[in-house]
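Engineer: Data: data_8.cif, mmCIF, C-alpha atoms, pLDDT in the B column; chains and numbers go by the auth columns.
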```cif
data_model
#
loop_
_atom_site.group_PDB
_atom_site.id
_atom_site.type_symbol
_atom_site.label_atom_id
_atom_site.label_comp_id
_atom_site.label_asym_id
_atom_site.label_seq_id
_atom_site.Cartn_x
_atom_site.Cartn_y
_atom_site.Cartn_z
_atom_site.B_iso_or_equiv
_atom_site.auth_seq_id
_atom_site.auth_asym_id
ATOM 1 C CA ASP A 1 -1.163 5.828 10.615 49.00 1 P
ATOM 2 C CA GLY A 2 -4.883 6.040 11.447 53.00 2 P
ATOM 3 C CA GLY A 3 -6.488 3.543 13.774 92.00 3 P
ATOM 4 C CA ILE A 4 -4.248 0.606 12.935 96.00 4 P
ATOM 5 C CA THR A 5 -1.500 -0.569 15.230 96.00 5 P
ATOM 6 C CA GLN A 6 1.216 -3.093 14.502 97.00 6 P
ATOM 7 C CA SER A 7 3.580 -4.659 16.984 95.00 7 P
ATOM 8 C CA PRO A 8 6.389 -5.050 17.457 95.00 8 P
ATOM 9 C CA LYS A 9 8.075 -2.312 15.420 95.00 9 P
ATOM 10 C CA TYR A 10 11.230 -4.412 15.080 95.00 10 P
ATOM 11 C CA LEU A 11 11.453 -8.195 15.313 94.00 11 P
ATOM 12 C CA PHE A 12 14.410 -10.524 15.120 92.00 12 P
ATOM 13 C CA ARG A 13 14.031 -14.185 14.297 89.00 13 P
ATOM 14 C CA LYS A 14 16.441 -17.037 14.421 89.00 14 P
ATOM 15 C CA GLU A 15 16.532 -19.622 11.679 85.00 15 P
ATOM 16 C CA GLY A 16 13.793 -22.245 12.140 86.00 16 P
ATOM 17 C CA GLN A 17 11.603 -20.134 14.412 90.00 17 P
ATOM 18 C CA ASN A 18 7.999 -19.135 13.854 93.00 18 P
ATOM 19 C CA VAL A 19 7.105 -15.552 14.736 95.00 19 P
ATOM 20 C CA THR A 20 3.765 -13.756 14.899 96.00 20 P
ATOM 21 C CA LEU A 21 3.184 -10.153 13.897 97.00 21 P
ATOM 22 C CA SER A 22 0.260 -8.355 15.473 98.00 22 P
ATOM 23 C CA CYS A 23 -2.230 -6.090 13.667 98.00 23 P
ATOM 24 C CA GLU A 24 -5.165 -4.419 15.383 97.00 24 P
ATOM 25 C CA GLN A 25 -7.639 -1.861 14.022 97.00 25 P
ATOM 26 C CA ASN A 26 -10.369 0.187 15.679 96.00 26 P
ATOM 27 C CA LEU A 27 -11.860 1.561 12.460 94.00 27 P
ATOM 28 C CA ASN A 28 -14.643 -1.035 12.312 93.00 28 P
ATOM 29 C CA HIS A 29 -13.378 -2.103 8.887 92.00 29 P
ATOM 30 C CA ASP A 30 -14.439 -5.455 7.506 91.00 30 P
ATOM 31 C CA ALA A 31 -11.397 -6.070 5.307 92.00 31 P
ATOM 32 C CA MET A 32 -7.817 -6.480 6.461 95.00 32 P
ATOM 33 C CA TYR A 33 -4.634 -7.155 4.491 95.00 33 P
ATOM 34 C CA TRP A 34 -1.022 -8.155 4.969 97.00 34 P
ATOM 35 C CA TYR A 35 1.663 -6.907 2.578 97.00 35 P
ATOM 36 C CA ARG A 36 5.356 -7.545 2.330 97.00 36 P
ATOM 37 C CA GLN A 37 7.635 -4.720 1.157 95.00 37 P
ATOM 38 C CA ASP A 38 11.102 -5.335 -0.232 92.00 38 P
ATOM 39 C CA PRO A 39 13.328 -2.619 -1.721 81.00 39 P
ATOM 40 C CA GLY A 40 12.416 -1.864 -5.321 73.00 40 P
ATOM 41 C CA GLN A 41 9.500 -4.294 -5.405 77.00 41 P
ATOM 42 C CA GLY A 42 6.636 -2.284 -4.042 85.00 42 P
ATOM 43 C CA LEU A 43 3.983 -4.046 -1.976 92.00 43 P
ATOM 44 C CA ARG A 44 3.133 -7.695 -2.438 93.00 44 P
ATOM 45 C CA LEU A 45 -0.069 -9.133 -0.978 94.00 45 P
ATOM 46 C CA ILE A 46 0.389 -12.055 1.410 96.00 46 P
ATOM 47 C CA TYR A 47 -3.123 -12.687 2.757 96.00 47 P
ATOM 48 C CA TYR A 48 -6.373 -10.790 3.030 94.00 48 P
ATOM 49 C CA SER A 49 -9.627 -11.189 4.888 94.00 49 P
ATOM 50 C CA GLN A 50 -12.945 -9.648 3.952 90.00 50 P
ATOM 51 C CA ILE A 51 -14.888 -10.926 6.949 91.00 51 P
ATOM 52 C CA VAL A 52 -14.340 -12.589 10.295 94.00 52 P
ATOM 53 C CA ASN A 53 -13.399 -16.284 10.151 95.00 53 P
ATOM 54 C CA ASP A 54 -12.577 -16.081 6.452 94.00 54 P
ATOM 55 C CA PHE A 55 -9.349 -15.251 4.606 95.00 55 P
ATOM 56 C CA GLN A 56 -7.757 -15.794 1.213 93.00 56 P
ATOM 57 C CA LYS A 57 -4.232 -16.254 -0.045 95.00 57 P
ATOM 58 C CA GLY A 58 -2.609 -13.389 -1.835 93.00 58 P
ATOM 59 C CA ASP A 59 0.242 -13.520 -4.314 91.00 59 P
ATOM 60 C CA ILE A 60 2.967 -14.736 -1.940 95.00 60 P
ATOM 61 C CA ALA A 61 1.216 -16.761 0.793 96.00 61 P
ATOM 62 C CA GLU A 62 3.718 -19.641 0.977 96.00 62 P
ATOM 63 C CA GLY A 63 5.438 -19.783 4.360 96.00 63 P
ATOM 64 C CA TYR A 64 2.863 -17.543 6.041 97.00 64 P
ATOM 65 C CA SER A 65 -0.356 -18.162 7.961 97.00 65 P
ATOM 66 C CA VAL A 66 -3.102 -15.919 9.342 98.00 66 P
ATOM 67 C CA SER A 67 -6.238 -16.035 11.461 97.00 67 P
ATOM 68 C CA ARG A 68 -9.250 -13.746 11.714 97.00 68 P
ATOM 69 C CA GLU A 69 -11.092 -14.672 14.888 97.00 69 P
ATOM 70 C CA LYS A 70 -12.080 -11.085 15.676 96.00 70 P
ATOM 71 C CA LYS A 71 -12.990 -8.192 13.407 96.00 71 P
ATOM 72 C CA GLU A 72 -10.334 -6.010 15.015 96.00 72 P
ATOM 73 C CA SER A 73 -7.421 -8.409 14.756 98.00 73 P
ATOM 74 C CA PHE A 74 -5.530 -10.079 11.897 98.00 74 P
ATOM 75 C CA PRO A 75 -2.246 -11.609 13.120 98.00 75 P
ATOM 76 C CA LEU A 76 0.339 -12.917 10.658 98.00 76 P
ATOM 77 C CA THR A 77 2.619 -15.846 11.476 97.00 77 P
ATOM 78 C CA VAL A 78 5.865 -16.147 9.561 96.00 78 P
ATOM 79 C CA THR A 79 6.745 -19.827 9.671 94.00 79 P
ATOM 80 C CA SER A 80 10.082 -21.556 9.298 88.00 80 P
ATOM 81 C CA ALA A 81 8.949 -22.570 5.805 87.00 81 P
ATOM 82 C CA GLN A 82 9.419 -18.966 4.640 88.00 82 P
ATOM 83 C CA LYS A 83 12.985 -19.070 3.375 86.00 83 P
ATOM 84 C CA ASN A 84 13.607 -15.365 3.002 90.00 84 P
ATOM 85 C CA PRO A 85 11.481 -13.586 5.601 93.00 85 P
ATOM 86 C CA THR A 86 13.616 -10.486 6.146 94.00 86 P
ATOM 87 C CA ALA A 87 11.363 -7.624 5.009 95.00 87 P
ATOM 88 C CA PHE A 88 9.093 -4.798 6.101 95.00 88 P
ATOM 89 C CA TYR A 89 5.555 -6.036 6.789 97.00 89 P
ATOM 90 C CA LEU A 90 2.545 -3.765 6.462 97.00 90 P
ATOM 91 C CA CYS A 91 -0.997 -4.357 7.643 97.00 91 P
ATOM 92 C CA ALA A 92 -3.925 -2.455 6.167 95.00 92 P
ATOM 93 C CA SER A 93 -7.677 -2.295 6.472 94.00 93 P
ATOM 94 C CA SER A 94 -10.575 -0.919 4.452 91.00 94 P
ATOM 95 C CA ILE A 95 -14.310 -0.773 4.191 87.00 95 P
ATOM 96 C CA GLU A 96 -15.364 -3.589 1.892 77.00 96 P
ATOM 97 C CA GLY A 97 -18.366 -4.555 -0.153 66.00 97 P
ATOM 98 C CA ALA A 98 -19.709 -4.109 -3.651 60.00 98 P
ATOM 99 C CA GLY A 99 -20.327 -0.413 -3.147 64.00 99 P
ATOM 100 C CA ALA A 100 -17.055 0.253 -1.391 69.00 100 P
ATOM 101 C CA ARG A 101 -14.399 -0.697 -3.950 71.00 101 P
ATOM 102 C CA GLY A 102 -13.457 2.950 -4.283 78.00 102 P
ATOM 103 C CA ASN A 103 -12.481 3.276 -0.636 83.00 103 P
ATOM 104 C CA GLU A 104 -8.831 3.652 0.197 89.00 104 P
ATOM 105 C CA GLN A 105 -6.846 1.388 2.487 92.00 105 P
ATOM 106 C CA PHE A 106 -5.533 2.550 5.852 93.00 106 P
ATOM 107 C CA PHE A 107 -2.076 1.298 6.774 95.00 107 P
ATOM 108 C CA GLY A 108 -0.361 0.516 10.041 96.00 108 P
ATOM 109 C CA PRO A 109 3.188 1.725 10.839 95.00 109 P
ATOM 110 C CA GLY A 110 4.771 -1.591 9.853 95.00 110 P
ATOM 111 C CA THR A 111 6.979 -4.258 11.432 96.00 111 P
ATOM 112 C CA ARG A 112 10.543 -4.769 10.278 95.00 112 P
ATOM 113 C CA LEU A 113 11.488 -8.439 10.551 95.00 113 P
ATOM 114 C CA THR A 114 15.111 -9.508 10.417 94.00 114 P
ATOM 115 C CA VAL A 115 16.374 -13.071 10.370 89.00 115 P
ATOM 116 C CA LEU A 116 19.590 -13.520 12.321 85.00 116 P
ATOM 117 C CA ALA B 1 -5.761 -8.719 -15.736 78.00 1 M
ATOM 118 C CA GLN B 2 -5.023 -5.402 -14.121 85.00 2 M
ATOM 119 C CA SER B 3 -1.643 -3.767 -13.730 91.00 3 M
ATOM 120 C CA VAL B 4 -0.012 -0.493 -12.792 95.00 4 M
ATOM 121 C CA ALA B 5 3.375 0.896 -13.781 96.00 5 M
ATOM 122 C CA GLN B 6 5.552 3.628 -12.351 96.00 6 M
ATOM 123 C CA PRO B 7 8.223 4.053 -15.000 96.00 7 M
ATOM 124 C CA GLU B 8 10.633 6.136 -12.905 96.00 8 M
ATOM 125 C CA ASP B 9 12.430 4.684 -9.891 95.00 9 M
ATOM 126 C CA GLN B 10 13.530 8.154 -8.814 97.00 10 M
ATOM 127 C CA VAL B 11 12.562 11.734 -9.571 98.00 11 M
ATOM 128 C CA ASN B 12 14.775 14.655 -8.578 98.00 12 M
ATOM 129 C CA VAL B 13 13.386 18.195 -8.399 97.00 13 M
ATOM 130 C CA ALA B 14 14.624 21.500 -7.025 98.00 14 M
ATOM 131 C CA GLU B 15 12.599 23.082 -4.238 98.00 15 M
ATOM 132 C CA GLY B 16 10.017 25.489 -5.617 97.00 16 M
ATOM 133 C CA ASN B 17 9.825 23.804 -9.017 98.00 17 M
ATOM 134 C CA PRO B 18 6.804 21.819 -10.194 98.00 18 M
ATOM 135 C CA LEU B 19 6.959 18.046 -9.809 97.00 19 M
ATOM 136 C CA THR B 20 5.367 15.148 -11.658 98.00 20 M
ATOM 137 C CA VAL B 21 5.407 11.480 -10.674 98.00 21 M
ATOM 138 C CA LYS B 22 4.154 9.246 -13.455 98.00 22 M
ATOM 139 C CA CYS B 23 1.710 6.346 -13.302 98.00 23 M
ATOM 140 C CA THR B 24 0.054 4.290 -16.041 98.00 24 M
ATOM 141 C CA TYR B 25 -2.476 1.536 -15.560 96.00 25 M
ATOM 142 C CA SER B 26 -4.342 -1.265 -17.273 94.00 26 M
ATOM 143 C CA VAL B 27 -7.751 -2.575 -16.227 90.00 27 M
ATOM 144 C CA SER B 28 -10.564 -4.175 -18.178 87.00 28 M
ATOM 145 C CA GLY B 29 -13.326 -2.228 -16.463 85.00 29 M
ATOM 146 C CA ASN B 30 -13.564 1.179 -14.814 87.00 30 M
ATOM 147 C CA PRO B 31 -10.346 2.149 -13.021 91.00 31 M
ATOM 148 C CA TYR B 32 -10.266 3.229 -9.424 92.00 32 M
ATOM 149 C CA LEU B 33 -6.899 4.965 -8.949 95.00 33 M
ATOM 150 C CA PHE B 34 -5.038 5.910 -5.791 96.00 34 M
ATOM 151 C CA TRP B 35 -1.838 7.660 -4.719 98.00 35 M
ATOM 152 C CA TYR B 36 -0.097 6.946 -1.427 97.00 36 M
ATOM 153 C CA VAL B 37 3.052 8.373 0.168 97.00 37 M
ATOM 154 C CA GLN B 38 5.490 6.552 2.444 96.00 38 M
ATOM 155 C CA TYR B 39 8.057 8.201 4.698 93.00 39 M
ATOM 156 C CA PRO B 40 11.040 6.137 5.932 88.00 40 M
ATOM 157 C CA ASN B 41 10.112 3.224 8.187 84.00 41 M
ATOM 158 C CA ARG B 42 6.443 4.216 8.187 89.00 42 M
ATOM 159 C CA GLY B 43 3.235 2.873 6.739 91.00 43 M
ATOM 160 C CA LEU B 44 1.609 4.272 3.613 94.00 44 M
ATOM 161 C CA GLN B 45 -0.527 7.389 3.857 95.00 45 M
ATOM 162 C CA PHE B 46 -3.397 8.021 1.461 95.00 46 M
ATOM 163 C CA LEU B 47 -3.013 11.156 -0.710 97.00 47 M
ATOM 164 C CA LEU B 48 -5.871 11.137 -3.208 96.00 48 M
ATOM 165 C CA LYS B 49 -8.040 8.984 -5.436 95.00 49 M
ATOM 166 C CA TYR B 50 -10.005 9.025 -8.664 95.00 50 M
ATOM 167 C CA ILE B 51 -13.286 7.128 -8.809 91.00 51 M
ATOM 168 C CA THR B 52 -15.409 9.109 -11.243 87.00 52 M
ATOM 169 C CA GLY B 53 -16.173 12.681 -12.217 87.00 53 M
ATOM 170 C CA ASP B 54 -13.688 15.510 -12.648 90.00 54 M
ATOM 171 C CA ASN B 55 -10.431 14.321 -14.200 94.00 55 M
ATOM 172 C CA LEU B 56 -8.366 16.602 -11.949 96.00 56 M
ATOM 173 C CA VAL B 57 -8.330 15.339 -8.393 96.00 57 M
ATOM 174 C CA LYS B 58 -6.988 17.375 -5.487 96.00 58 M
ATOM 175 C CA GLY B 59 -5.563 15.730 -2.403 95.00 59 M
ATOM 176 C CA SER B 60 -3.513 16.223 0.723 93.00 60 M
ATOM 177 C CA TYR B 61 -0.429 18.459 1.094 93.00 61 M
ATOM 178 C CA GLY B 62 -1.151 20.394 -2.119 96.00 62 M
ATOM 179 C CA PHE B 63 -0.877 17.366 -4.397 97.00 63 M
ATOM 180 C CA GLU B 64 -3.177 16.757 -7.346 98.00 64 M
ATOM 181 C CA ALA B 65 -3.475 14.106 -10.031 98.00 65 M
ATOM 182 C CA GLU B 66 -4.920 14.099 -13.510 96.00 66 M
ATOM 183 C CA PHE B 67 -6.845 11.131 -14.831 97.00 67 M
ATOM 184 C CA ASN B 68 -6.318 10.667 -18.574 97.00 68 M
ATOM 185 C CA LYS B 69 -8.442 7.846 -19.946 95.00 69 M
ATOM 186 C CA SER B 70 -7.023 7.893 -23.476 95.00 70 M
ATOM 187 C CA GLN B 71 -3.448 7.632 -22.205 96.00 71 M
ATOM 188 C CA THR B 72 -4.427 5.357 -19.270 96.00 72 M
ATOM 189 C CA SER B 73 -2.427 7.583 -16.952 98.00 73 M
ATOM 190 C CA PHE B 74 -2.849 9.090 -13.502 98.00 74 M
ATOM 191 C CA HIS B 75 0.199 11.307 -12.934 98.00 75 M
ATOM 192 C CA LEU B 76 0.746 12.942 -9.549 98.00 76 M
ATOM 193 C CA LYS B 77 1.611 16.642 -9.618 98.00 77 M
ATOM 194 C CA LYS B 78 2.408 19.561 -7.369 98.00 78 M
ATOM 195 C CA PRO B 79 2.971 23.144 -8.568 97.00 79 M
ATOM 196 C CA SER B 80 5.786 23.957 -6.134 97.00 80 M
ATOM 197 C CA ALA B 81 7.848 21.226 -4.455 97.00 81 M
ATOM 198 C CA LEU B 82 8.957 21.310 -0.825 97.00 82 M
ATOM 199 C CA VAL B 83 11.943 19.517 0.688 97.00 83 M
ATOM 200 C CA SER B 84 9.457 17.800 3.008 96.00 84 M
ATOM 201 C CA ASP B 85 7.803 16.180 -0.038 97.00 85 M
ATOM 202 C CA SER B 86 10.825 13.886 -0.319 97.00 86 M
ATOM 203 C CA ALA B 87 9.446 10.366 0.155 96.00 87 M
ATOM 204 C CA LEU B 88 8.407 7.184 -1.659 96.00 88 M
ATOM 205 C CA TYR B 89 5.213 7.470 -3.699 97.00 89 M
ATOM 206 C CA PHE B 90 2.982 4.589 -4.746 97.00 90 M
ATOM 207 C CA CYS B 91 0.294 4.515 -7.395 97.00 91 M
ATOM 208 C CA ALA B 92 -2.417 1.857 -7.072 95.00 92 M
ATOM 209 C CA VAL B 93 -5.300 0.670 -9.220 93.00 93 M
ATOM 210 C CA ARG B 94 -8.398 -1.412 -8.742 89.00 94 M
ATOM 211 C CA ASP B 95 -10.914 -2.555 -11.320 80.00 95 M
ATOM 212 C CA GLY B 96 -14.123 -0.910 -10.148 72.00 96 M
ATOM 213 C CA SER B 97 -16.254 -3.247 -12.210 70.00 97 M
ATOM 214 C CA SER B 98 -15.265 -6.444 -10.440 68.00 98 M
ATOM 215 C CA ALA B 99 -14.366 -7.815 -7.042 67.00 99 M
ATOM 216 C CA SER B 100 -10.660 -7.590 -7.789 72.00 100 M
ATOM 217 C CA LYS B 101 -7.898 -6.669 -5.399 82.00 101 M
ATOM 218 C CA ILE B 102 -5.992 -3.397 -5.372 88.00 102 M
ATOM 219 C CA ILE B 103 -2.640 -3.536 -7.166 91.00 103 M
ATOM 220 C CA PHE B 104 0.292 -1.305 -6.158 93.00 104 M
ATOM 221 C CA GLY B 105 3.037 0.012 -8.396 94.00 105 M
ATOM 222 C CA SER B 106 6.686 -0.476 -7.538 93.00 106 M
ATOM 223 C CA GLY B 107 7.053 3.026 -6.162 95.00 107 M
ATOM 224 C CA THR B 108 8.908 6.202 -7.155 97.00 108 M
ATOM 225 C CA ARG B 109 11.360 7.872 -4.835 96.00 109 M
ATOM 226 C CA LEU B 110 10.944 11.648 -4.943 97.00 110 M
ATOM 227 C CA SER B 111 13.926 13.711 -3.876 97.00 111 M
ATOM 228 C CA ILE B 112 13.584 17.477 -3.479 97.00 112 M
ATOM 229 C CA ARG B 113 16.876 19.384 -3.239 96.00 113 M
ATOM 230 C CA PRO B 114 17.007 22.734 -1.405 95.00 114 M
#
```
Would you mind writing the structure in this file as structure tokens?
Structural biologist:
Amino acid sequence: DGGITQSPKYLFRKEGQNVTLSCEQNLNHDAMYWYRQDPGQGLRLIYYSQIVNDFQKGDIAEGYSVSREKKESFPLTVTSAQKNPTAFYLCASSIEGAGARGNEQFFGPGTRLTVL
Amino acid sequence: AQSVAQPEDQVNVAEGNPLTVKCTYSVSGNPYLFWYVQYPNRGLQFLLKYITGDNLVKGSYGFEAEFNKSQTSFHLKKPSALVSDSALYFCAVRDGSSASKIIFGSGTRLSIRP
């Protein structure tokens, strides 16, 4: 799983609660990503950030929020507005820039979130 | 718009036989193509990629993939399957000519029987 850590590995949330998933990388990568994985649907992009203090919505950003105050960290908050948050969440990072589009992404081990 | 398709949800192969996991793509510019593998409850691991050059790309764990521009395909192959190859495989594509995001396929579950 390279130099990316995610915590916790398992997370349980009650209805109406906000929870924050941690993602840290020591690869000195500029770009970081959050994906949601549901069975049979592959990976869907929630948010991504190409540089500190900047981030963009992905395909399914509603009910989620992020921050990018440090290059190494990209935490994801699952808010109570996300109606179906039970899923496996994956964080990734990559070198970014016009000459780096061919670089692969490095993934963390994931966090499995379950709503009780 | 770019897209990637993995037409098979599951592929079953006997140990020792060759395996193929299919992937087709659509991009308007030059395709950058990737294969990743995922073991249960783990993150994705990079296997190999095609950016330019030789159409046959070799990667980790004995896997290789062939880029076919006319058929817009990038099938993953291995000459002799191992039980330990059983996992979920994802194909991904990015348009190398623009600042677009990487797009992942829906995944193919590979099952190798002893």
Engineer: Using all atoms listed in the file, list the residues that have an atom at most 10 Å from (-6.6, 5.1, -21.1), coordinates as in the file, as number ranges by chain.
Structural biologist: M: 24-27, 31, 67-74
Engineer: Between M:Ala1, M:Leu44, M:Val13, M:Ala87, which is the closest to chain P once you count all atoms listed in the file?
Structural biologist: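 Ranking M:Ala1, M:Leu44, M:Val13, M:Ala87 by distance to chain P, first place goes to M:Leu44.
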Engineer: To test your reading of the syntax: which residues would the PyMOL selection byres ((chain P) within 7 of (chain M)) return for the file shown? Reply as a list in words.
Structural biologist: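 After applying the PyMOL selection byres ((chain P) within 7 of (chain M)), what remains is Asp1, Gly40, Gln41, Gly42, Leu43, Leu90, Arg101, Gly102, Phe107, Gly108, Pro109 and Gly110 of chain P.
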Engineer: Let me know the residues the PyMOL selection byres ((chain P and resi 23) around 12) catches in the file above, as number ranges by chain.
Structural biologist: P: 3-9, 20-22, 24-26, 32-35, 66-68, 70-77, 89-93, 107-111
Engineer: How many Å separate atom CA of Gln105 of chain P from atom CA of Gln6 of chain M?
Structural biologist: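 Distance reported for this atom pair: 19.5 Å.
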Engineer: What lies within 9 Å of Asp59 of chain P using only C-alpha atoms, ignoring chain neighbours under 5 positions off, as a list in words?
Structural biologist: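 Residues meeting the cut-off are Arg44, Leu45, Ile46 and Tyr47 of chain P.
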Engineer: Which residues are near Asp85 of chain M? Cut-off 12 Å, all atoms listed in the file, ignore same chain within fewer than 3 positions. Put them as a VMD selection string.
Structural biologist: chain M and resid 11 to 21 37 to 39 47 60 to 63 77 to 78 80 to 82 88 to 89 109 to 114
Engineer: Report, in Å with one decimal, the straight-line distance from atom CA of Ala61 of chain P to atom CA of Leu113 of chain P.
Structural biologist: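 Atom-to-atom, atom CA of Ala61 of chain P and atom CA of Leu113 of chain P are spaced 16.4 Å apart.
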Engineer: Quick one, how far is atom CA of Val78 of chain P from atom CA of Glu62 of chain P?
Structural biologist: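 According to the coordinates, atom CA of Val78 of chain P and atom CA of Glu62 of chain P are separated by 9.5 Å.
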Engineer: Could you complete segment 69-77 of chain M so that it carries all heavy atoms, and give it back as a PDB file, keeping the file's coordinate frame?
Structural biologist:
```pdb
ATOM      1  N   LYS M  69      -7.943   9.161 -19.526  1.00 95.00           N
ATOM      2  CA  LYS M  69      -8.442   7.846 -19.946  1.00 95.00           C
ATOM      3  C   LYS M  69      -7.789   7.385 -21.240  1.00 95.00           C
ATOM      4  O   LYS M  69      -7.445   6.204 -21.387  1.00 95.00           O
ATOM      5  CB  LYS M  69      -9.962   7.893 -20.120  1.00 95.00           C
ATOM      6  CG  LYS M  69     -10.589   6.543 -20.390  1.00 95.00           C
ATOM      7  CD  LYS M  69     -12.100   6.637 -20.408  1.00 95.00           C
ATOM      8  CE  LYS M  69     -12.734   5.263 -20.610  1.00 95.00           C
ATOM      9  NZ  LYS M  69     -14.212   5.331 -20.582  1.00 95.00           N
ATOM     10  N   SER M  70      -7.575   8.292 -22.176  1.00 95.00           N
ATOM     11  CA  SER M  70      -7.023   7.893 -23.476  1.00 95.00           C
ATOM     12  C   SER M  70      -5.570   7.437 -23.351  1.00 95.00           C
ATOM     13  O   SER M  70      -5.127   6.551 -24.080  1.00 95.00           O
ATOM     14  CB  SER M  70      -7.127   9.045 -24.467  1.00 95.00           C
ATOM     15  OG  SER M  70      -6.366  10.154 -24.024  1.00 95.00           O
ATOM     16  N   GLN M  71      -4.836   8.020 -22.421  1.00 96.00           N
ATOM     17  CA  GLN M  71      -3.448   7.632 -22.205  1.00 96.00           C
ATOM     18  C   GLN M  71      -3.296   6.648 -21.047  1.00 96.00           C
ATOM     19  O   GLN M  71      -2.175   6.263 -20.720  1.00 96.00           O
ATOM     20  CB  GLN M  71      -2.589   8.876 -21.942  1.00 96.00           C
ATOM     21  CG  GLN M  71      -2.540   9.832 -23.131  1.00 96.00           C
ATOM     22  CD  GLN M  71      -1.581  10.989 -22.907  1.00 96.00           C
ATOM     23  OE1 GLN M  71      -0.862  11.038 -21.926  1.00 96.00           O
ATOM     24  NE2 GLN M  71      -1.576  11.928 -23.838  1.00 96.00           N
ATOM     25  N   THR M  72      -4.400   6.255 -20.448  1.00 96.00           N
ATOM     26  CA  THR M  72      -4.427   5.357 -19.270  1.00 96.00           C
ATOM     27  C   THR M  72      -3.365   5.778 -18.262  1.00 96.00           C
ATOM     28  O   THR M  72      -2.535   4.975 -17.812  1.00 96.00           O
ATOM     29  CB  THR M  72      -4.241   3.878 -19.664  1.00 96.00           C
ATOM     30  OG1 THR M  72      -2.970   3.691 -20.299  1.00 96.00           O
ATOM     31  CG2 THR M  72      -5.350   3.428 -20.575  1.00 96.00           C
ATOM     32  N   SER M  73      -3.406   7.056 -17.906  1.00 98.00           N
ATOM     33  CA  SER M  73      -2.427   7.583 -16.952  1.00 98.00           C
ATOM     34  C   SER M  73      -3.110   8.290 -15.797  1.00 98.00           C
ATOM     35  O   SER M  73      -4.264   8.731 -15.899  1.00 98.00           O
ATOM     36  CB  SER M  73      -1.466   8.541 -17.659  1.00 98.00           C
ATOM     37  OG  SER M  73      -2.148   9.706 -18.073  1.00 98.00           O
ATOM     38  N   PHE M  74      -2.365   8.408 -14.717  1.00 98.00           N
ATOM     39  CA  PHE M  74      -2.849   9.090 -13.502  1.00 98.00           C
ATOM     40  C   PHE M  74      -1.626   9.690 -12.816  1.00 98.00           C
ATOM     41  O   PHE M  74      -1.225   9.270 -11.745  1.00 98.00           O
ATOM     42  CB  PHE M  74      -3.580   8.096 -12.608  1.00 98.00           C
ATOM     43  CG  PHE M  74      -4.324   8.719 -11.449  1.00 98.00           C
ATOM     44  CD1 PHE M  74      -5.284   9.698 -11.662  1.00 98.00           C
ATOM     45  CD2 PHE M  74      -4.077   8.310 -10.142  1.00 98.00           C
ATOM     46  CE1 PHE M  74      -5.979  10.251 -10.603  1.00 98.00           C
ATOM     47  CE2 PHE M  74      -4.772   8.860  -9.069  1.00 98.00           C
ATOM     48  CZ  PHE M  74      -5.723   9.832  -9.307  1.00 98.00           C
ATOM     49  N   HIS M  75      -1.036  10.710 -13.433  1.00 98.00           N
ATOM     50  CA  HIS M  75       0.199  11.307 -12.934  1.00 98.00           C
ATOM     51  C   HIS M  75      -0.060  12.203 -11.735  1.00 98.00           C
ATOM     52  O   HIS M  75      -1.015  12.983 -11.729  1.00 98.00           O
ATOM     53  CB  HIS M  75       0.883  12.119 -14.036  1.00 98.00           C
ATOM     54  CG  HIS M  75       1.227  11.316 -15.252  1.00 98.00           C
ATOM     55  ND1 HIS M  75       1.509   9.968 -15.210  1.00 98.00           N
ATOM     56  CD2 HIS M  75       1.346  11.694 -16.559  1.00 98.00           C
ATOM     57  CE1 HIS M  75       1.788   9.523 -16.414  1.00 98.00           C
ATOM     58  NE2 HIS M  75       1.691  10.554 -17.265  1.00 98.00           N
ATOM     59  N   LEU M  76       0.816  12.125 -10.761  1.00 98.00           N
ATOM     60  CA  LEU M  76       0.746  12.942  -9.549  1.00 98.00           C
ATOM     61  C   LEU M  76       1.532  14.227  -9.780  1.00 98.00           C
ATOM     62  O   LEU M  76       2.645  14.184 -10.304  1.00 98.00           O
ATOM     63  CB  LEU M  76       1.339  12.174  -8.365  1.00 98.00           C
ATOM     64  CG  LEU M  76       1.304  12.851  -7.001  1.00 98.00           C
ATOM     65  CD1 LEU M  76      -0.123  12.951  -6.478  1.00 98.00           C
ATOM     66  CD2 LEU M  76       2.187  12.094  -6.012  1.00 98.00           C
ATOM     67  N   LYS M  77       0.962  15.364  -9.357  1.00 98.00           N
ATOM     68  CA  LYS M  77       1.611  16.642  -9.618  1.00 98.00           C
ATOM     69  C   LYS M  77       1.516  17.559  -8.397  1.00 98.00           C
ATOM     70  O   LYS M  77       0.629  17.403  -7.558  1.00 98.00           O
ATOM     71  CB  LYS M  77       0.954  17.340 -10.823  1.00 98.00           C
ATOM     72  CG  LYS M  77       1.029  16.541 -12.103  1.00 98.00           C
ATOM     73  CD  LYS M  77       0.393  17.280 -13.264  1.00 98.00           C
ATOM     74  CE  LYS M  77       0.492  16.447 -14.543  1.00 98.00           C
ATOM     75  NZ  LYS M  77      -0.043  17.163 -15.726  1.00 98.00           N
TER      76      LYS M  77
END
```
